[in-house]
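Containing compact mmCIF, C-alpha atoms: structure.txt.
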```
# COMPACT_ATOMS: atom_id res chain seq x y z
CA MET A 1 16.81 0.93 13.81
CA PHE A 2 17.85 3.14 10.90
CA ARG A 3 14.90 3.91 8.59
CA GLN A 4 14.24 5.69 5.36
CA VAL A 5 10.74 5.81 3.82
CA ASP A 6 10.27 7.71 0.57
CA ILE A 7 7.27 8.06 -1.71
CA GLN A 8 8.53 9.78 -4.82
CA PHE A 9 8.18 10.33 -8.56
CA GLU A 10 11.92 9.89 -9.14
CA ASP A 11 13.74 6.63 -9.80
CA PHE A 12 15.97 4.97 -7.19
CA ALA A 13 19.29 3.11 -7.22
CA ILE A 14 19.90 -0.12 -5.30
CA ASP A 15 23.63 0.57 -4.82
CA GLU A 16 22.78 3.88 -3.15
CA ALA A 17 20.48 2.04 -0.76
CA LEU A 18 23.24 -0.42 0.09
CA GLY A 19 25.64 2.46 0.73
CA THR A 20 23.12 4.24 2.97
CA LEU A 21 22.38 1.08 4.96
CA LYS A 22 26.06 0.24 5.41
CA ALA A 23 26.82 3.77 6.57
CA ASN A 24 24.02 3.65 9.17
CA THR A 25 24.16 0.08 10.50
CA SER A 26 27.71 -0.73 11.59
CA ALA A 27 26.68 -4.04 13.21
CA ALA A 28 24.88 -5.40 10.13
CA GLY A 29 26.41 -8.27 8.17
CA GLY A 30 23.40 -9.33 6.06
CA PHE A 31 21.60 -7.14 3.54
CA CYS A 32 18.63 -8.11 1.39
CA PHE A 33 16.96 -6.22 -1.46
CA PHE A 34 13.70 -6.56 -3.34
CA ALA A 35 12.91 -4.49 -6.42
CA GLY A 36 9.49 -4.46 -8.08
CA VAL A 37 9.42 -3.47 -11.77
CA VAL A 38 6.58 -2.70 -14.21
CA ARG A 39 5.86 -5.76 -16.34
CA ASP A 40 5.24 -5.39 -20.08
CA MET A 41 2.39 -7.91 -20.02
CA ASN A 42 -0.46 -8.63 -17.58
CA ASP A 43 -3.38 -11.00 -18.17
CA ASP A 44 -2.18 -11.44 -21.78
CA GLU A 45 -2.40 -7.73 -22.51
CA GLU A 46 0.45 -5.44 -23.40
CA ILE A 47 1.14 -2.81 -20.75
CA LYS A 48 2.26 0.51 -22.22
CA SER A 49 2.50 2.29 -18.90
CA LEU A 50 1.24 2.29 -15.35
CA TYR A 51 -0.20 5.08 -13.23
CA LEU A 52 0.38 4.84 -9.48
CA GLU A 53 -1.88 6.74 -7.11
CA HIS A 54 -1.80 6.78 -3.31
CA TYR A 55 -3.45 8.22 -0.19
CA PRO A 56 -0.82 10.79 0.77
CA GLU A 57 -1.83 11.35 4.41
CA MET A 58 -1.85 7.62 5.12
CA THR A 59 0.73 5.83 2.98
CA GLU A 60 3.84 6.88 4.84
CA LYS A 61 2.22 6.04 8.19
CA GLN A 62 1.33 2.57 6.94
CA LEU A 63 4.87 1.93 5.72
CA HIS A 64 6.24 2.95 9.12
CA ARG A 65 3.75 0.63 10.86
CA ILE A 66 4.97 -2.21 8.63
CA LEU A 67 8.59 -1.41 9.50
CA ASP A 68 7.66 -1.32 13.22
CA GLN A 69 6.48 -4.93 12.90
CA ALA A 70 9.53 -6.07 10.94
CA GLU A 71 11.81 -4.43 13.49
CA ALA A 72 10.02 -6.06 16.43
CA ARG A 73 9.90 -9.48 14.82
CA PHE A 74 13.35 -9.77 13.25
CA GLY A 75 15.49 -7.28 15.18
CA LEU A 76 16.30 -5.44 11.98
CA LEU A 77 19.12 -2.90 12.14
CA GLY A 78 18.05 -0.86 9.13
CA ALA A 79 15.37 -0.62 6.45
CA ILE A 80 14.74 1.50 3.39
CA VAL A 81 11.43 1.53 1.52
CA ILE A 82 11.13 3.62 -1.64
CA HIS A 83 7.87 3.50 -3.61
CA ARG A 84 7.36 5.47 -6.79
CA ILE A 85 4.11 7.20 -7.79
CA GLY A 86 2.82 8.83 -10.97
CA SER A 87 3.34 7.60 -14.52
CA LEU A 88 5.74 4.70 -15.03
CA ALA A 89 6.68 2.97 -18.30
CA ALA A 90 7.04 -0.79 -18.81
CA ARG A 91 10.30 -2.01 -17.18
CA ASP A 92 10.55 1.06 -14.90
CA ASN A 93 11.33 0.49 -11.23
CA ILE A 94 8.30 0.69 -8.90
CA VAL A 95 9.40 -0.27 -5.40
CA LEU A 96 12.56 -0.99 -3.43
CA VAL A 97 12.72 -2.71 -0.06
CA ALA A 98 16.23 -2.86 1.38
CA VAL A 99 16.99 -4.27 4.83
CA ALA A 100 20.02 -4.71 7.06
CA ALA A 101 20.33 -7.34 9.80
CA ALA A 102 23.09 -9.03 11.73
CA HIS A 103 22.86 -12.16 9.56
CA ARG A 104 21.18 -13.28 6.34
CA GLY A 105 18.26 -15.22 7.85
CA GLU A 106 16.62 -12.18 9.42
CA ALA A 107 17.38 -10.10 6.33
CA PHE A 108 15.71 -12.53 3.89
CA SER A 109 12.65 -12.98 6.13
CA ALA A 110 12.19 -9.30 6.95
CA CYS A 111 12.47 -8.24 3.32
CA GLU A 112 9.80 -10.75 2.32
CA MET A 113 7.48 -9.83 5.19
CA ILE A 114 7.75 -6.11 4.46
CA MET A 115 6.84 -6.72 0.81
CA ASP A 116 3.96 -9.06 1.69
CA TYR A 117 2.51 -6.46 4.07
CA LEU A 118 3.13 -3.61 1.64
CA LYS A 119 1.05 -5.44 -1.00
CA THR A 120 -2.03 -5.59 1.25
CA GLN A 121 -1.66 -2.63 3.64
CA ALA A 122 0.14 0.24 1.91
CA THR A 123 -2.37 2.61 0.29
CA PHE A 124 -1.23 2.53 -3.33
CA TRP A 125 -3.36 1.76 -6.40
CA LYS A 126 -2.17 0.87 -9.90
CA LYS A 127 -3.90 1.76 -13.15
CA GLU A 128 -2.65 0.03 -16.30
CA VAL A 129 -2.63 1.77 -19.68
CA THR A 130 -3.16 -0.88 -22.38
CA PRO A 131 -3.97 -0.68 -26.11
CA GLU A 132 -7.56 -1.54 -25.11
CA GLY A 133 -7.79 1.36 -22.64
CA ASP A 134 -7.09 2.07 -18.99
CA ARG A 135 -8.01 -0.31 -16.19
CA TRP A 136 -7.51 -0.30 -12.43
CA VAL A 137 -5.57 -3.34 -11.32
CA ALA A 138 -7.58 -5.80 -9.20
CA ALA A 139 -6.16 -7.06 -5.91
CA ARG A 140 -4.98 -10.68 -5.84
CA GLY A 141 -6.35 -13.14 -3.33
CA SER A 142 -2.89 -14.75 -3.17
CA ASP A 143 -1.51 -11.52 -1.66
CA LEU A 144 -3.91 -11.84 1.28
CA SER A 145 -2.82 -15.46 1.79
CA LYS A 146 0.83 -14.41 1.88
CA GLU A 147 0.07 -11.69 4.40
CA ALA A 148 -1.95 -14.11 6.56
CA ALA A 149 0.91 -16.63 6.54
CA TRP A 150 2.94 -14.25 8.73
CA GLY A 151 0.31 -14.43 11.50
CA ASP A 152 -1.11 -11.37 13.25
CA SER A 153 -0.51 -8.37 11.05
CA SER A 154 -2.76 -5.50 12.05
CA ALA A 155 -1.07 -2.38 10.69
CA MET B 1 -17.61 3.18 -7.55
CA ALA B 2 -17.17 5.38 -10.60
CA CYS B 3 -17.25 8.67 -8.76
CA SER B 4 -14.61 10.81 -7.13
CA GLU B 5 -16.69 13.17 -5.02
CA LEU B 6 -19.98 13.11 -3.12
CA ALA B 7 -21.60 15.86 -1.08
CA TRP B 8 -24.27 15.23 1.50
CA THR B 9 -25.36 16.34 4.94
CA SER B 10 -26.14 14.03 7.80
CA ASP B 11 -26.47 13.79 11.53
CA GLN B 12 -23.27 12.82 13.34
CA PRO B 13 -23.10 9.05 12.82
CA ASP B 14 -22.24 6.86 15.81
CA ASN B 15 -19.89 4.60 13.92
CA VAL B 16 -18.54 3.76 10.50
CA ALA B 17 -21.34 1.29 9.68
CA SER B 18 -23.94 3.96 10.40
CA LEU B 19 -22.11 6.46 8.17
CA MET B 20 -22.05 3.86 5.38
CA THR B 21 -25.83 3.56 5.42
CA GLN B 22 -26.09 7.36 4.98
CA ILE B 23 -23.74 7.68 2.00
CA LEU B 24 -25.61 7.15 -1.25
CA LEU B 25 -23.72 6.35 -4.43
CA PRO B 26 -24.74 7.86 -7.82
CA ASP B 27 -26.73 4.72 -8.65
CA GLY B 28 -28.81 5.20 -5.49
CA GLN B 29 -27.48 2.31 -3.41
CA SER B 30 -25.88 3.00 -0.06
CA LEU B 31 -22.20 2.42 0.57
CA ALA B 32 -23.24 -0.21 3.13
CA SER B 33 -25.09 -2.14 0.44
CA TYR B 34 -22.18 -1.72 -2.01
CA ALA B 35 -19.81 -3.18 0.60
CA GLU B 36 -21.92 -6.33 0.87
CA THR B 37 -20.77 -7.44 -2.56
CA GLU B 38 -17.54 -5.51 -3.18
CA SER B 39 -14.32 -5.45 -1.15
CA LEU B 40 -13.95 -2.12 0.61
CA LEU B 41 -11.26 -1.04 3.06
CA ILE B 42 -11.95 1.59 5.72
CA ALA B 43 -9.55 3.98 7.43
CA VAL B 44 -10.34 6.44 10.22
CA ASN B 45 -7.69 9.07 10.82
CA GLN B 46 -5.32 7.15 8.52
CA GLN B 47 -5.62 3.88 10.46
CA MET B 48 -7.28 0.78 9.00
CA VAL B 49 -10.43 -0.09 10.96
CA ASP B 50 -13.63 -2.10 10.63
CA GLY B 51 -17.26 -1.03 10.52
CA ASP B 52 -18.01 -0.96 14.24
CA THR B 53 -15.37 1.71 14.91
CA ALA B 54 -16.89 4.73 16.72
CA LEU B 55 -16.72 8.14 15.05
CA ASN B 56 -16.11 11.53 16.62
CA PRO B 57 -16.58 15.03 15.16
CA GLY B 58 -13.64 15.96 12.95
CA ASP B 59 -12.60 12.38 12.16
CA GLU B 60 -11.23 11.73 8.67
CA VAL B 61 -12.91 8.66 7.22
CA ALA B 62 -11.70 7.04 4.01
CA PHE B 63 -13.23 4.21 1.97
CA PHE B 64 -11.16 2.57 -0.73
CA PRO B 65 -10.77 -0.63 -2.74
CA PRO B 66 -8.11 -3.24 -1.89
CA VAL B 67 -4.65 -1.77 -2.42
CA THR B 68 -2.49 -2.81 -5.39
CA GLY B 69 0.93 -1.24 -4.87
CA GLY B 70 4.31 -2.92 -4.87
```
Represent the supplied structure as structure tokens.
Amino acid sequence: MFRQVDIQFEDFAIDEALGTLKANTSAAGGFCFFAGVVRDMNDDEEIKSLYLEHYPEMTEKQLHRILDQAEARFGLLGAIVIHRIGSLAARDNIVLVAVAAAHRGEAFSACEMIMDYLKTQATFWKKEVTPEGDRWVAARGSDLSKEAAWGDSSA
Amino acid sequence: MACSELAWTSDQPDNVASLMTQILLPDGQSLASYAETESLLIAVNQQMVDGDTALNPGDEVAFFPPVTGG
């Protein structure tokens, strides 16, 4: 399977990801993309910016473990995960998951599974900057339920 | 936990749970006691594990809150 995993300060472009996947997966006919973007409101508070921190020695390994599972389960032909770190403004891009499969079914499912696992297993933490001050974002119980719905998921 | 760094000396702990009883937070409670009420994830050598995981000299152990990326 073709893979690209990047943790970076810079922005990303979805059309570049499509081009890269097409160039590296000649048998793929279905491509699916998820982009996560900084919201301008959370819990009724205005978000001015977001700070994204991670555990550098571990994050990339975790993302590869997640891709290992998606590859084994859905026979993916290609996957790109790009996650930004550092200071991000409201409406900035945060994360891109792009996958290539033979047909759409595997592509839709793999893209969703990779995101669900990323939310609970990839070692990133968000801090929101609001007019009331900074606050670390709390994890959501619903993310654990979504992860559990995929069955065994030990990354 | 409101702190970024702790220094302490200890005997080589047998496992993660034993290490957690030896780490004292600034408010005096052990990390083991903190983890009874707060969610805490554990990684040894960059792999998620649970408390009964054995430790060896040189292992890198990390404790962190639930992740919130994506």
Write out, as a tab-separated table, each residue of chain A that has an atom at most 6 Å from chain B, together with the closest pair of atoms and their distance in Å to one decimal, counting all atoms listed in the file, rows going by chain and rising number.
```
residue	atom	partner	partner_atom	distance
A:Met58	CA	B:Gln46	CA	4.9
A:Val95	CA	B:Gly70	CA	5.8
A:Lys119	CA	B:Gly70	CA	5.7
A:Thr120	CA	B:Val67	CA	5.9
A:Thr123	CA	B:Val67	CA	5.6
A:Phe124	CA	B:Gly69	CA	4.6
A:Trp125	CA	B:Thr68	CA	4.8
A:Lys126	CA	B:Thr68	CA	5.8
A:Ala139	CA	B:Thr68	CA	5.6
```
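Closest to Tyr55 in chain A among A:Ala122, A:Met1, A:Leu96, A:Leu77 is A:Ala122, based on all atoms listed in the file.
With distances restricted to only C-alpha atoms, A:Glu112 is the closest residue to Phe74 in chain A from A:Thr59, A:Glu112, A:Ala89, A:Val38.
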Any chance you could work out the axis-aligned box around range 31-44 of chain B, listed atoms only, 5 Å on each side, giving centre and edge lengths in Å to one decimal, as lines of an AutoDock Vina configuration file?
```
center_x = -17.3
center_y = -0.5
center_z = 3.5
size_x = 25.5
size_y = 23.9
size_z = 23.4
```
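Using all atoms listed in the file, the shortest contact distance between Asn93 in chain A and any of A:Ala23, A:Ile14, A:Met41, A:Ala35 is found at A:Ala35.
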Checklist outcome for this item: A straight line from CA of Asp116 in chain A to CA of Asp6 in chain A spans 18.0 Å
Checklist entry - Within 9 Å of Ala27 in chain A, counting only C-alpha atoms, which residues qualify if same-chain residues fewer than 5 places away don't, as a list in words? => result Lys22, Leu77, Ala101 and Ala102 of chain A
Would you put the residues from that selection into a file with C-alpha atoms, as a PDB file, keeping the file's coordinate frame?
```
ATOM      1  CA  LYS A  22      26.060   0.240   5.410  1.00  0.00           C
ATOM      2  CA  LEU A  77      19.120  -2.900  12.140  1.00  0.00           C
ATOM      3  CA  ALA A 101      20.330  -7.340   9.800  1.00  0.00           C
ATOM      4  CA  ALA A 102      23.090  -9.030  11.730  1.00  0.00           C
TER       5      ALA A 102
END
```
Item to check | Contact residues around Leu63 in chain A with all atoms listed in the file at 9 Å, ignoring same-chain residues under 2 positions, as a list in words | outcome: Val5, Met58, Thr59, Glu60, Lys61, Arg65, Ile66, Leu67, Asp68, Val81, Ile114, Tyr117, Leu118, Gln121, Ala122 and Ala155 of chain A
Item to check | Distance criterion (all atoms listed in the file): nearest to Ala90 in chain A out of A:Asp11, A:Asp134, A:Asp152, A:Asp40 | outcome: A:Asp40
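Distances here use all atoms listed in the file; by that measure, the residue among A:Ala149, A:Val37, A:Val137, A:Leu76 closest to His103 in chain A is A:Leu76.
Counting all atoms listed in the file, the residue from A:Ile85, A:Arg73, A:Leu21, A:Phe34 that sits nearest to Gln8 in chain A is A:Ile85.
As for CA of Leu55 in chain B and CA of Ala35 in chain B, they are spaced 18.6 Å apart.
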Checklist outcome for this item: CA of His83 in chain A to CA of Glu57 in chain A measures 14.8 Å
Next on the checklist: Need the shell around range 26-34 of chain B: protein/DNA/RNA residues with any atom at most 10 Å away, counting all atoms listed in the file. Skip same-chain ones fewer than 3 positions apart. Format as a PyMOL selection string?
Outcome noted: chain B and resi 1-3+6+16-23+37-40+51+63
Atoms kept (C-alpha atoms) for selection, written as a CSV table (one decimal), in the coordinates of the input:
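again03.csv, freshly written:
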```
chain,number,residue,atom,x,y,z
B,1,MET,CA,-17.6,3.2,-7.6
B,2,ALA,CA,-17.2,5.4,-10.6
B,3,CYS,CA,-17.2,8.7,-8.8
B,6,LEU,CA,-20.0,13.1,-3.1
B,16,VAL,CA,-18.5,3.8,10.5
B,17,ALA,CA,-21.3,1.3,9.7
B,18,SER,CA,-23.9,4.0,10.4
B,19,LEU,CA,-22.1,6.5,8.2
B,20,MET,CA,-22.0,3.9,5.4
B,21,THR,CA,-25.8,3.6,5.4
B,22,GLN,CA,-26.1,7.4,5.0
B,23,ILE,CA,-23.7,7.7,2.0
B,37,THR,CA,-20.8,-7.4,-2.6
B,38,GLU,CA,-17.5,-5.5,-3.2
B,39,SER,CA,-14.3,-5.4,-1.2
B,40,LEU,CA,-14.0,-2.1,0.6
B,51,GLY,CA,-17.3,-1.0,10.5
B,63,PHE,CA,-13.2,4.2,2.0
```
Taking the structure I provided as the source, export range 111-128 of chain A with N, CA and C atoms, as a PDB file, in the first residue's frame.
```pdb
ATOM      1  N   CYS A 111     -11.710   5.547   5.345  1.00  0.00           N
ATOM      2  CA  CYS A 111     -11.505   6.953   5.703  1.00  0.00           C
ATOM      3  C   CYS A 111     -12.139   7.230   7.068  1.00  0.00           C
ATOM      4  N   GLU A 112     -13.344   6.711   7.268  1.00  0.00           N
ATOM      5  CA  GLU A 112     -14.027   6.933   8.541  1.00  0.00           C
ATOM      6  C   GLU A 112     -13.316   6.213   9.685  1.00  0.00           C
ATOM      7  N   MET A 113     -12.879   4.980   9.443  1.00  0.00           N
ATOM      8  CA  MET A 113     -12.198   4.241  10.511  1.00  0.00           C
ATOM      9  C   MET A 113     -10.886   4.921  10.897  1.00  0.00           C
ATOM     10  N   ILE A 114     -10.134   5.368   9.907  1.00  0.00           N
ATOM     11  CA  ILE A 114      -8.859   6.037  10.208  1.00  0.00           C
ATOM     12  C   ILE A 114      -9.112   7.281  11.060  1.00  0.00           C
ATOM     13  N   MET A 115     -10.130   8.066  10.712  1.00  0.00           N
ATOM     14  CA  MET A 115     -10.428   9.259  11.517  1.00  0.00           C
ATOM     15  C   MET A 115     -10.893   8.889  12.920  1.00  0.00           C
ATOM     16  N   ASP A 116     -11.750   7.874  13.034  1.00  0.00           N
ATOM     17  CA  ASP A 116     -12.239   7.476  14.363  1.00  0.00           C
ATOM     18  C   ASP A 116     -11.080   7.010  15.254  1.00  0.00           C
ATOM     19  N   TYR A 117     -10.142   6.275  14.685  1.00  0.00           N
ATOM     20  CA  TYR A 117      -8.986   5.822  15.469  1.00  0.00           C
ATOM     21  C   TYR A 117      -8.044   6.985  15.782  1.00  0.00           C
ATOM     22  N   LEU A 118      -7.877   7.866  14.796  1.00  0.00           N
ATOM     23  CA  LEU A 118      -6.993   9.024  15.025  1.00  0.00           C
ATOM     24  C   LEU A 118      -7.485   9.847  16.218  1.00  0.00           C
ATOM     25  N   LYS A 119      -8.817   9.990  16.346  1.00  0.00           N
ATOM     26  CA  LYS A 119      -9.371  10.815  17.427  1.00  0.00           C
ATOM     27  C   LYS A 119      -9.066  10.254  18.805  1.00  0.00           C
ATOM     28  N   THR A 120      -8.885   8.935  18.922  1.00  0.00           N
ATOM     29  CA  THR A 120      -8.686   8.345  20.251  1.00  0.00           C
ATOM     30  C   THR A 120      -7.280   7.778  20.459  1.00  0.00           C
ATOM     31  N   GLN A 121      -6.488   7.627  19.394  1.00  0.00           N
ATOM     32  CA  GLN A 121      -5.198   6.952  19.539  1.00  0.00           C
ATOM     33  C   GLN A 121      -3.995   7.779  19.112  1.00  0.00           C
ATOM     34  N   ALA A 122      -4.198   8.795  18.306  1.00  0.00           N
ATOM     35  CA  ALA A 122      -3.051   9.592  17.852  1.00  0.00           C
ATOM     36  C   ALA A 122      -2.750  10.656  18.908  1.00  0.00           C
ATOM     37  N   THR A 123      -1.475  10.790  19.263  1.00  0.00           N
ATOM     38  CA  THR A 123      -1.098  11.590  20.439  1.00  0.00           C
ATOM     39  C   THR A 123      -0.974  13.079  20.108  1.00  0.00           C
ATOM     40  N   PHE A 124      -2.147  13.676  19.890  1.00  0.00           N
ATOM     41  CA  PHE A 124      -2.266  15.126  19.700  1.00  0.00           C
ATOM     42  C   PHE A 124      -3.156  15.679  20.806  1.00  0.00           C
ATOM     43  N   TRP A 125      -2.893  16.923  21.196  1.00  0.00           N
ATOM     44  CA  TRP A 125      -3.750  17.624  22.163  1.00  0.00           C
ATOM     45  C   TRP A 125      -3.992  19.035  21.670  1.00  0.00           C
ATOM     46  N   LYS A 126      -5.265  19.481  21.828  1.00  0.00           N
ATOM     47  CA  LYS A 126      -5.668  20.816  21.381  1.00  0.00           C
ATOM     48  C   LYS A 126      -5.860  21.744  22.571  1.00  0.00           C
ATOM     49  N   LYS A 127      -5.336  22.958  22.441  1.00  0.00           N
ATOM     50  CA  LYS A 127      -5.638  24.014  23.414  1.00  0.00           C
ATOM     51  C   LYS A 127      -6.341  25.143  22.681  1.00  0.00           C
ATOM     52  N   GLU A 128      -7.509  25.551  23.190  1.00  0.00           N
ATOM     53  CA  GLU A 128      -8.263  26.628  22.562  1.00  0.00           C
ATOM     54  C   GLU A 128      -7.912  27.958  23.201  1.00  0.00           C
TER      55      GLU A 128
END
```
